[in-house]
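One structure is given here, and the rest of the page talks about it.
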Amino acid sequence: MTTRFDCSLNGVSLSGLDERICVTGILEKSPQRELTTLSLMNLEGERLLACRRKFIQVEITLALRERDPARRRALLALLPLGGDALWLTVSTRPGQRLRVVPEEGPDPDTDWTADIRLVFRSVGDPRWEDIQVESLEASGTLPLTLTVPAGGNTAAVPEGLRITNTGNESISEMTLKTGSACQLLTGLALAPGEELTASRDEWGFISLKIQGEEGTRHADMCLTGDSDEELAFSPEEDSLTVTGDGTVTVTMELRRRWL
């Protein structure tokens, strides 16, 4: 019996842990969705208001070429299943990864002839993303447009965004706009040489900060209440337009998303 597929957790290949561990199957189940509906007055049925993708499940099937129960348990102990969340990569989706947590672990008492099942559930963004980060940059006097080439097959959000004030005057207000989203930042007081950064943690939460010679200060409160929560880019060619007064350098890191 040989490995038919490749599967890695945090960059560690499962079949590379030991030659007796074989990845024999990868099954990506249909995404779990949450529907928001409204009952139709005096009519049967419901009106669909929203359909939200909640999570993805991926099932990995292993075969262990080992009969001895103690040695089988030792092989299963090699699997890197610990930690809060893991990056899953599979050969059926080359160049992509998914943030997951183990939902169903291996049964060490399974008969040696039976398959070992590992079930993972996505956390954070329930879509696959590119392993490689795409970096885009533009400099000049505002307004400034950064062209985002086509890629992926669903909307993508920035991995990181950095706007540096390269002019001689402080910038108090900026608007960031894509084809489908708009954010207004007020009260920035972005001094010459300072950077406004928007970064995303491993769980998908975004934080805004201003960094300069005097240290770092939070800028989340500068985002107006009617602004979109995040900037989204179409899989077709899109753009990021930054308006305001001043001269800046805009640097954006983007990972394409895949359904």
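Naming works like this for the structure tokens: A, B, ... for the chains as they're shown, residue 1 at the start of each chain, ligands 1 onward in shown order.
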
DSSP-assigned strand (DSSP E or B) members of region 100-206 of chain A, reported as number ranges by chain:
A: 100-104, 116-122, 128-130, 134-141, 144-148, 154, 156, 158-165, 171-177, 182-190, 195-200, 206

Which polymer residues have any atom within 8 Å of an atom of region 89-99 of chain A, counting only C-alpha atoms, with same-chain residues fewer than 4 positions away left out, as a CSV table (one decimal) with N, CA and C atoms, in the first residue's frame?
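File written: result_29.csv
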chain,number,residue,atom,x,y,z
A,5,PHE,N,-2.2,10.4,-1.9
A,5,PHE,CA,-2.4,11.8,-1.8
A,5,PHE,C,-1.3,12.4,-0.9
A,6,ASP,N,-1.2,13.7,-0.9
A,6,ASP,CA,-0.3,14.4,0.0
A,6,ASP,C,-1.2,15.3,0.9
A,7,CYS,N,-0.9,15.3,2.2
A,7,CYS,CA,-1.6,16.1,3.2
A,7,CYS,C,-0.6,16.6,4.2
A,8,SER,N,-0.7,17.9,4.5
A,8,SER,CA,0.3,18.5,5.5
A,8,SER,C,-0.5,19.3,6.5
A,9,LEU,N,0.0,19.3,7.7
A,9,LEU,CA,-0.5,20.2,8.8
A,9,LEU,C,0.6,21.1,9.2
A,11,GLY,N,2.7,22.6,7.5
A,11,GLY,CA,3.8,22.3,6.7
A,11,GLY,C,4.5,20.9,6.9
A,26,ILE,N,-8.9,11.9,0.5
A,26,ILE,CA,-9.2,13.3,0.9
A,26,ILE,C,-10.6,13.6,0.4
A,85,ALA,N,-5.1,26.0,16.3
A,85,ALA,CA,-5.6,25.9,14.9
A,85,ALA,C,-4.4,25.5,14.1
A,122,SER,N,-13.1,24.0,9.4
A,122,SER,CA,-12.5,25.3,9.2
A,122,SER,C,-12.9,26.2,10.3
A,123,VAL,N,-11.9,27.1,10.6
A,123,VAL,CA,-12.2,28.2,11.6
A,123,VAL,C,-11.8,29.5,10.9
A,124,GLY,N,-12.4,30.6,11.3
A,124,GLY,CA,-12.1,31.9,10.6
A,124,GLY,C,-12.8,31.9,9.3
A,125,ASP,N,-12.2,32.4,8.3
A,125,ASP,CA,-12.7,32.5,6.9
A,125,ASP,C,-13.0,31.1,6.4
A,126,PRO,N,-14.2,30.7,6.1
A,126,PRO,CA,-14.5,29.3,5.6
A,126,PRO,C,-14.2,29.1,4.1
A,127,ARG,N,-13.1,29.6,3.6
A,127,ARG,CA,-12.7,29.5,2.2
A,127,ARG,C,-11.2,29.2,2.2
A,128,TRP,N,-10.8,28.5,1.2
A,128,TRP,CA,-9.4,28.2,0.9
A,128,TRP,C,-8.7,29.5,0.5
A,129,GLU,N,-7.4,29.6,0.8
A,129,GLU,CA,-6.7,30.8,0.4
A,129,GLU,C,-5.3,30.4,-0.2
A,130,ASP,N,-4.7,31.3,-1.0
A,130,ASP,CA,-3.4,31.0,-1.6
A,130,ASP,C,-2.4,30.9,-0.5
A,131,ILE,N,-1.4,30.0,-0.7
A,131,ILE,CA,-0.3,29.9,0.3
A,131,ILE,C,0.6,31.1,0.1
A,132,GLN,N,0.8,31.5,-1.2
A,132,GLN,CA,1.7,32.6,-1.5
A,132,GLN,C,0.9,33.9,-1.4

Give me, as a PyMOL selection string, all polymer residues having an atom no more than 9 Å from Asn168 (chain A), counting only C-alpha atoms and skipping those fewer than 5 positions away in the same chain.
chain A and resi 191-193+246-247

A:Leu240, A:Leu223, A:Leu49, A:Leu161: which is nearest Ala181 (chain A), counting only C-alpha atoms?
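The closest residue to Ala181 (chain A) is A:Leu240.
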
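In this structure, CA of Ile171 (chain A) sits 4.9 Å away from CA of Leu190 (chain A).
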
Val23 (chain A): which residues within 10 Å, counting only C-alpha atoms, same-chain residues fewer than 4 positions away excluded, as a PyMOL selection string?
chain A and resi 1-7+13-15+60-64+115-116

With C-alpha atoms retained, export the selected residues as a short mmCIF file (atom, residue, chain, number, x, y, z; two decimals), in the first residue's frame.
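That gives us result.cif:
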data_model
loop_
_atom_site.label_atom_id
_atom_site.label_comp_id
_atom_site.auth_asym_id
_atom_site.auth_seq_id
_atom_site.Cartn_x
_atom_site.Cartn_y
_atom_site.Cartn_z
CA MET A 1 0.00 0.00 0.00
CA THR A 2 1.34 3.45 -0.92
CA THR A 3 0.34 7.04 -0.35
CA ARG A 4 -2.11 8.24 -3.00
CA PHE A 5 -2.36 11.83 -1.81
CA ASP A 6 -0.30 14.38 0.04
CA CYS A 7 -1.63 16.08 3.18
CA SER A 13 3.59 16.04 5.59
CA LEU A 14 1.67 13.21 7.27
CA SER A 15 3.09 10.53 4.99
CA ILE A 60 -8.52 12.64 5.62
CA THR A 61 -8.27 8.84 5.40
CA LEU A 62 -5.09 7.12 6.52
CA ALA A 63 -3.88 3.54 6.35
CA LEU A 64 -1.20 2.33 8.76
CA ASP A 115 -8.98 3.00 7.80
CA ILE A 116 -8.08 5.84 10.16
#

For region 133-149 of chain A, please output as a PyMOL selection string all residues within 10 Å (counting only C-alpha atoms; exclusion window: fewer than 3 positions along the same chain).
chain A and resi 129-130+158-164+166-167+174-178+233-256
